[in-house]
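Next comes structure-v7.cif, with mmCIF, C-alpha atoms.
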```cif
data_coords
#
loop_
_atom_site.group_PDB
_atom_site.id
_atom_site.type_symbol
_atom_site.label_atom_id
_atom_site.label_comp_id
_atom_site.auth_asym_id
_atom_site.auth_seq_id
_atom_site.Cartn_x
_atom_site.Cartn_y
_atom_site.Cartn_z
ATOM 1 C CA VAL A 51 130.801 149.139 80.127
ATOM 2 C CA ASN A 52 129.498 145.684 80.696
ATOM 3 C CA SER A 53 128.428 145.667 84.343
ATOM 4 C CA GLY A 54 126.973 142.208 84.195
ATOM 5 C CA GLY A 55 130.272 140.519 84.964
ATOM 6 C CA PRO A 56 132.763 138.653 82.826
ATOM 7 C CA GLY A 57 131.311 136.864 79.848
ATOM 8 C CA THR A 58 127.854 138.474 80.210
ATOM 9 C CA ASN A 59 126.025 139.820 77.177
ATOM 10 C CA PRO A 60 123.232 142.177 78.393
ATOM 11 C CA GLU A 61 121.273 141.880 75.139
ATOM 12 C CA ALA A 62 121.356 138.094 75.259
ATOM 13 C CA ALA A 63 120.346 138.122 78.928
ATOM 14 C CA ALA A 64 117.264 140.175 78.095
ATOM 15 C CA VAL A 65 115.934 137.519 75.724
ATOM 16 C CA PRO A 66 113.612 135.116 77.594
ATOM 17 C CA ALA A 67 114.470 131.459 77.421
ATOM 18 C CA ALA A 68 112.406 129.491 74.932
ATOM 19 C CA ARG A 69 109.476 127.734 76.580
ATOM 20 C CA LYS A 70 109.921 123.977 76.671
ATOM 21 C CA ARG A 71 107.430 122.311 74.363
ATOM 22 C CA MET A 72 105.275 119.856 76.257
ATOM 23 C CA THR A 73 104.721 116.339 75.033
ATOM 24 C CA VAL A 74 101.169 115.111 74.510
ATOM 25 C CA ALA A 75 101.285 113.297 77.857
ATOM 26 C CA GLU A 76 102.693 116.342 79.665
ATOM 27 C CA ARG A 77 100.033 118.621 78.180
ATOM 28 C CA GLU A 78 97.253 116.269 79.219
ATOM 29 C CA ARG A 79 98.785 116.011 82.697
ATOM 30 C CA HIS A 80 98.884 119.809 82.915
ATOM 31 C CA ILE A 81 95.194 120.055 82.018
ATOM 32 C CA VAL A 82 94.136 117.361 84.491
ATOM 33 C CA ASP A 83 96.174 118.832 87.344
ATOM 34 C CA GLY A 84 94.820 122.277 86.541
ATOM 35 C CA ALA A 85 91.255 120.975 86.464
ATOM 36 C CA ILE A 86 91.681 119.301 89.859
ATOM 37 C CA ALA A 87 92.908 122.565 91.390
ATOM 38 C CA PHE A 88 90.191 124.586 89.602
ATOM 39 C CA PHE A 89 87.297 122.335 90.629
ATOM 40 C CA ALA A 90 88.558 122.215 94.213
ATOM 41 C CA GLU A 91 88.531 126.004 94.329
ATOM 42 C CA HIS A 92 85.483 126.918 92.228
ATOM 43 C CA GLY A 93 83.300 123.842 91.952
ATOM 44 C CA PHE A 94 81.635 122.607 88.766
ATOM 45 C CA ASP A 95 79.402 125.508 87.718
ATOM 46 C CA ALA A 96 82.074 127.408 85.773
ATOM 47 C CA GLN A 97 82.342 127.086 82.001
ATOM 48 C CA MET A 98 85.208 125.200 80.358
ATOM 49 C CA ARG A 99 86.428 128.500 78.889
ATOM 50 C CA GLU A 100 86.971 129.827 82.427
ATOM 51 C CA LEU A 101 88.823 126.675 83.428
ATOM 52 C CA ALA A 102 91.072 126.902 80.345
ATOM 53 C CA SER A 103 91.906 130.523 81.092
ATOM 54 C CA ALA A 104 92.708 129.717 84.728
ATOM 55 C CA ILE A 105 95.197 127.004 83.801
ATOM 56 C CA GLY A 106 96.775 128.940 80.941
ATOM 57 C CA VAL A 107 95.660 126.977 77.890
ATOM 58 C CA THR A 108 93.203 127.597 75.106
ATOM 59 C CA HIS A 109 89.589 126.536 75.241
ATOM 60 C CA ALA A 110 90.113 124.500 72.066
ATOM 61 C CA LEU A 111 93.066 122.640 73.565
ATOM 62 C CA VAL A 112 91.037 121.463 76.559
ATOM 63 C CA TYR A 113 88.368 120.128 74.209
ATOM 64 C CA HIS A 114 91.035 118.421 72.113
ATOM 65 C CA TYR A 115 91.906 116.226 75.091
ATOM 66 C CA PHE A 116 88.459 116.139 76.740
ATOM 67 C CA PRO A 117 85.612 116.563 74.231
ATOM 68 C CA THR A 118 83.044 117.236 76.963
ATOM 69 C CA LYS A 119 83.105 118.707 80.441
ATOM 70 C CA GLN A 120 81.818 115.393 81.783
ATOM 71 C CA ALA A 121 84.790 113.595 80.251
ATOM 72 C CA LEU A 122 87.111 115.862 82.221
ATOM 73 C CA VAL A 123 85.066 115.389 85.400
ATOM 74 C CA ASP A 124 85.267 111.621 84.904
ATOM 75 C CA ARG A 125 89.046 111.840 84.582
ATOM 76 C CA VAL A 126 89.254 113.918 87.766
ATOM 77 C CA TYR A 127 87.228 111.239 89.550
ATOM 78 C CA LEU A 128 89.629 108.531 88.408
ATOM 79 C CA GLU A 129 92.642 110.575 89.489
ATOM 80 C CA VAL A 130 91.451 111.838 92.873
ATOM 81 C CA TYR A 131 89.175 109.018 94.051
ATOM 82 C CA GLU A 132 89.669 105.641 92.395
ATOM 83 C CA GLY A 133 93.343 106.427 91.882
ATOM 84 C CA ARG A 134 93.867 106.740 95.631
ATOM 85 C CA TRP A 135 92.068 103.548 96.537
ATOM 86 C CA LYS A 136 94.455 100.958 97.992
ATOM 87 C CA PRO A 137 93.647 97.265 97.447
ATOM 88 C CA GLU A 138 95.818 96.511 100.476
ATOM 89 C CA TRP A 139 93.092 98.055 102.638
ATOM 90 C CA GLU A 140 90.777 95.261 101.575
ATOM 91 C CA ALA A 141 93.458 92.637 102.138
ATOM 92 C CA MET A 142 94.154 93.970 105.629
ATOM 93 C CA LEU A 143 90.468 94.013 106.572
ATOM 94 C CA ASP A 144 90.119 90.441 105.274
ATOM 95 C CA SER A 145 93.113 89.238 107.307
ATOM 96 C CA ARG A 146 92.508 87.026 110.340
ATOM 97 C CA THR A 147 95.763 87.946 112.068
ATOM 98 C CA LEU A 148 94.580 91.239 113.618
ATOM 99 C CA SER A 149 91.861 92.089 116.098
ATOM 100 C CA VAL A 150 88.851 93.973 114.777
ATOM 101 C CA GLU A 151 89.857 97.106 116.668
ATOM 102 C CA ASP A 152 93.390 97.006 115.265
ATOM 103 C CA LYS A 153 92.065 96.550 111.739
ATOM 104 C CA LEU A 154 89.693 99.505 111.940
ATOM 105 C CA VAL A 155 92.248 101.798 113.556
ATOM 106 C CA ARG A 156 94.949 100.919 111.025
ATOM 107 C CA PHE A 157 92.539 101.315 108.139
ATOM 108 C CA TYR A 158 91.179 104.694 109.194
ATOM 109 C CA VAL A 159 94.613 106.118 110.025
ATOM 110 C CA ASP A 160 95.846 105.273 106.518
ATOM 111 C CA TYR A 161 92.530 106.219 104.893
ATOM 112 C CA ALA A 162 92.654 109.641 106.543
ATOM 113 C CA SER A 163 96.272 110.069 105.457
ATOM 114 C CA THR A 164 95.290 109.276 101.873
ATOM 115 C CA VAL A 165 91.982 111.062 101.329
ATOM 116 C CA LEU A 166 91.862 114.024 103.688
ATOM 117 C CA THR A 167 93.411 116.486 101.273
ATOM 118 C CA ARG A 168 92.020 119.792 100.098
ATOM 119 C CA GLU A 169 91.157 118.602 96.598
ATOM 120 C CA PHE A 170 89.569 115.327 97.718
ATOM 121 C CA VAL A 171 87.325 116.939 100.314
ATOM 122 C CA ARG A 172 86.297 120.052 98.426
ATOM 123 C CA ILE A 173 85.659 118.343 95.082
ATOM 124 C CA LEU A 174 83.467 115.756 96.816
ATOM 125 C CA ILE A 175 81.446 118.518 98.505
ATOM 126 C CA PHE A 176 81.091 120.555 95.307
ATOM 127 C CA SER A 177 79.986 117.436 93.426
ATOM 128 C CA GLY A 178 77.327 116.741 96.034
ATOM 129 C CA LEU A 179 75.977 120.254 95.525
ATOM 130 C CA THR A 180 75.728 119.906 91.730
ATOM 131 C CA ASN A 181 75.052 116.732 89.732
ATOM 132 C CA ARG A 182 76.568 114.247 92.240
ATOM 133 C CA THR A 183 78.472 112.395 89.488
ATOM 134 C CA ILE A 184 81.580 112.039 91.611
ATOM 135 C CA THR A 185 79.838 111.507 94.942
ATOM 136 C CA ASP A 186 77.582 108.791 93.544
ATOM 137 C CA ARG A 187 80.505 106.889 92.030
ATOM 138 C CA PHE A 188 82.656 107.199 95.133
ATOM 139 C CA PHE A 189 79.915 106.096 97.517
ATOM 140 C CA GLN A 190 79.188 103.152 95.233
ATOM 141 C CA LEU A 191 82.866 102.197 95.525
ATOM 142 C CA LEU A 192 82.597 102.409 99.328
ATOM 143 C CA ALA A 193 79.362 100.436 99.336
ATOM 144 C CA THR A 194 80.945 97.681 97.249
ATOM 145 C CA ARG A 195 84.508 97.410 98.536
ATOM 146 C CA LEU A 196 84.552 98.860 102.035
ATOM 147 C CA PHE A 197 81.302 99.011 103.983
ATOM 148 C CA PRO A 198 80.447 95.283 103.728
ATOM 149 C CA ARG A 199 83.886 94.458 105.149
ATOM 150 C CA LEU A 200 83.450 96.903 108.013
ATOM 151 C CA ILE A 201 80.002 95.491 108.826
ATOM 152 C CA ARG A 202 81.396 91.948 108.734
ATOM 153 C CA GLU A 203 84.216 92.909 111.091
ATOM 154 C CA THR A 204 81.827 94.750 113.412
ATOM 155 C CA ARG A 205 79.670 91.631 113.634
ATOM 156 C CA ARG A 206 82.779 89.601 114.315
ATOM 157 C CA HIS A 207 83.529 91.938 117.233
ATOM 158 C CA ARG A 208 80.000 91.225 118.480
ATOM 159 C CA GLY A 209 80.609 87.495 118.200
ATOM 160 C CA SER A 210 78.352 87.099 115.161
ATOM 161 C CA ARG A 211 79.067 85.404 111.837
ATOM 162 C CA SER A 212 75.732 86.445 110.354
ATOM 163 C CA ARG A 213 75.616 87.246 106.658
ATOM 164 C CA ALA A 214 72.176 88.796 106.897
ATOM 165 C CA LYS A 215 71.471 92.083 105.171
ATOM 166 C CA THR A 216 72.936 95.088 106.979
ATOM 167 C CA THR A 217 70.339 96.563 109.321
ATOM 168 C CA VAL A 218 69.453 100.240 109.416
ATOM 169 C CA ARG A 219 71.050 100.651 112.843
ATOM 170 C CA GLU A 220 74.236 98.887 111.764
ATOM 171 C CA HIS A 221 74.473 101.098 108.702
ATOM 172 C CA GLU A 222 73.819 104.351 110.531
ATOM 173 C CA LEU A 223 76.246 103.525 113.317
ATOM 174 C CA LEU A 224 78.942 102.821 110.730
ATOM 175 C CA MET A 225 78.132 106.074 108.922
ATOM 176 C CA GLY A 226 78.722 107.859 112.214
ATOM 177 C CA LEU A 227 82.234 106.415 112.442
ATOM 178 C CA HIS A 228 83.076 106.957 108.776
ATOM 179 C CA GLY A 229 81.623 110.443 108.760
ATOM 180 C CA SER A 230 83.511 111.458 111.893
ATOM 181 C CA VAL A 231 86.822 110.742 110.168
ATOM 182 C CA PHE A 232 85.830 112.667 107.041
ATOM 183 C CA TYR A 233 84.496 115.569 109.123
ATOM 184 C CA GLY A 234 88.049 116.474 110.111
ATOM 185 C CA GLY A 235 88.679 117.265 106.451
ATOM 186 C CA MET A 236 85.451 119.292 106.281
ATOM 187 C CA ARG A 237 86.528 121.396 109.231
ATOM 188 C CA ALA A 238 89.969 122.010 107.753
ATOM 189 C CA PHE A 239 89.239 122.486 104.046
ATOM 190 C CA VAL A 240 85.629 123.718 103.895
ATOM 191 C CA TYR A 241 85.031 125.569 107.165
ATOM 192 C CA GLY A 242 88.639 126.677 107.624
ATOM 193 C CA GLN A 243 88.585 125.707 111.279
ATOM 194 C CA ALA A 244 91.320 123.901 113.169
ATOM 195 C CA MET A 245 90.232 120.743 114.926
ATOM 196 C CA HIS A 246 91.587 122.032 118.226
ATOM 197 C CA ALA A 247 93.844 124.747 119.620
ATOM 198 C CA ASP A 248 96.623 122.180 119.684
ATOM 199 C CA ALA A 249 95.429 120.838 116.301
ATOM 200 C CA PRO A 250 96.636 117.248 115.852
ATOM 201 C CA ALA A 251 97.005 115.811 112.382
ATOM 202 C CA LEU A 252 93.835 114.650 110.652
ATOM 203 C CA ASN A 253 95.190 111.091 110.757
ATOM 204 C CA ASP A 254 96.094 111.222 114.459
ATOM 205 C CA ALA A 255 96.081 107.584 115.598
ATOM 206 C CA ALA A 256 94.947 108.334 119.159
ATOM 207 C CA LEU A 257 91.892 110.321 118.023
ATOM 208 C CA ILE A 258 90.945 107.698 115.466
ATOM 209 C CA ALA A 259 91.379 104.921 118.055
ATOM 210 C CA ASP A 260 88.977 106.814 120.361
ATOM 211 C CA ARG A 261 86.349 106.917 117.605
ATOM 212 C CA VAL A 262 86.803 103.263 116.714
ATOM 213 C CA ARG A 263 86.503 102.110 120.327
ATOM 214 C CA ALA A 264 83.377 104.204 120.842
ATOM 215 C CA TYR A 265 81.899 102.726 117.662
ATOM 216 C CA LEU A 266 82.688 99.134 118.599
ATOM 217 C CA ASP A 267 81.382 99.596 122.145
ATOM 218 C CA ALA A 268 78.134 101.045 120.786
ATOM 219 C CA SER A 269 77.796 98.153 118.327
ATOM 220 C CA LEU A 270 77.479 95.699 121.225
ATOM 221 C CA ALA A 271 74.036 97.131 121.979
ATOM 222 C CA LEU A 272 72.685 96.348 118.503
ATOM 223 C CA GLU A 273 70.148 93.609 117.934
ATOM 224 C CA PRO A 274 71.532 90.410 116.398
ATOM 225 C CA ALA A 275 71.673 90.794 112.628
ATOM 226 C CA GLY A 276 68.531 89.440 110.975
ATOM 227 C CA THR A 277 66.249 90.096 113.963
ATOM 228 C CA GLU A 278 65.725 93.851 113.703
ATOM 229 C CA GLY A 279 62.033 94.626 113.500
ATOM 230 C CA ALA A 280 61.059 91.012 114.157
#
```
Output the file's structure as structure tokens, nothing else.
Amino acid sequence: VNSGGPGTNPEAAAVPAARKRMTVAERERHIVDGAIAFFAEHGFDAQMRELASAIGVTHALVYHYFPTKQALVDRVYLEVYEGRWKPEWEAMLDSRTLSVEDKLVRFYVDYASTVLTREFVRILIFSGLTNRTITDRFFQLLATRLFPRLIRETRRHRGSRSRAKTTVREHELLMGLHGSVFYGGMRAFVYGQAMHADAPALNDAALIADRVRAYLDASLALEPAGTEGA
């Protein structure tokens, strides 16, 4: 008796469906996505053979697409870090139509929305604990495309148009603001701690506005750029 219902062949039903053959692009995508998840969970000390096993492919196949571990790490950097960078952030910070406070709040709300993910935060931390390949490249990106704009806007808030080299106090004050935003991701994805009992989102505009205002108020006490240590 066929109990599987009309038109059902039990023997045919027992045969697993043929696995769809991936294209070259799909296979590479599978490896990259698997590597991102693996590095975020385990860091960079594991061997490529362990990574291949974790994502369900052969060791040889990983090396076919990425001939060295560093090549795969470089691809992960491009995907998770440079790939998330938004040129419109730079355009917005360069705009003259917003106040400095509005610019910084809008930037950090969107920045937090974009980067404060488990893979972004944990991979950056693991990289800093190993060879710093990813951290060095990402901080160079920040130092080139972001921090000079934030210093310029902070000086503008102080009523200064100075183009003098960033002072130590300017730099460290800015690192306090930038680090405070990133620290929310550390608490969530490294320490496993909620920000608060009523845990707002990591990109909560009110909390970010509080940090920006505190930063800008503190900046008013800085020496004029170019006079520190004179």
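Nearest to A:Leu227 of all the residues A:Ala251, A:Ala264, A:Leu192, A:Met98 is A:Ala264, counting only C-alpha atoms.
The smallest atom-to-atom distance between A:Ala162 and any of A:Val231, A:Val107, A:Leu179, A:Leu196, using only C-alpha atoms, is found for A:Val231.
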Worksheet entry | Atomic distance atom CA of A:Pro137 - atom CA of A:Phe189, expressed in Å with one decimal | 16.3 Å
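Checking A:Ala85, A:Ile184, A:Met225, A:Val155 one by one against A:Arg263, counting only C-alpha atoms, you find the shortest gap at A:Val155.
Computed from the coordinates, the atom CA of A:Leu252 to atom CA of A:Val82 distance equals 26.3 Å.
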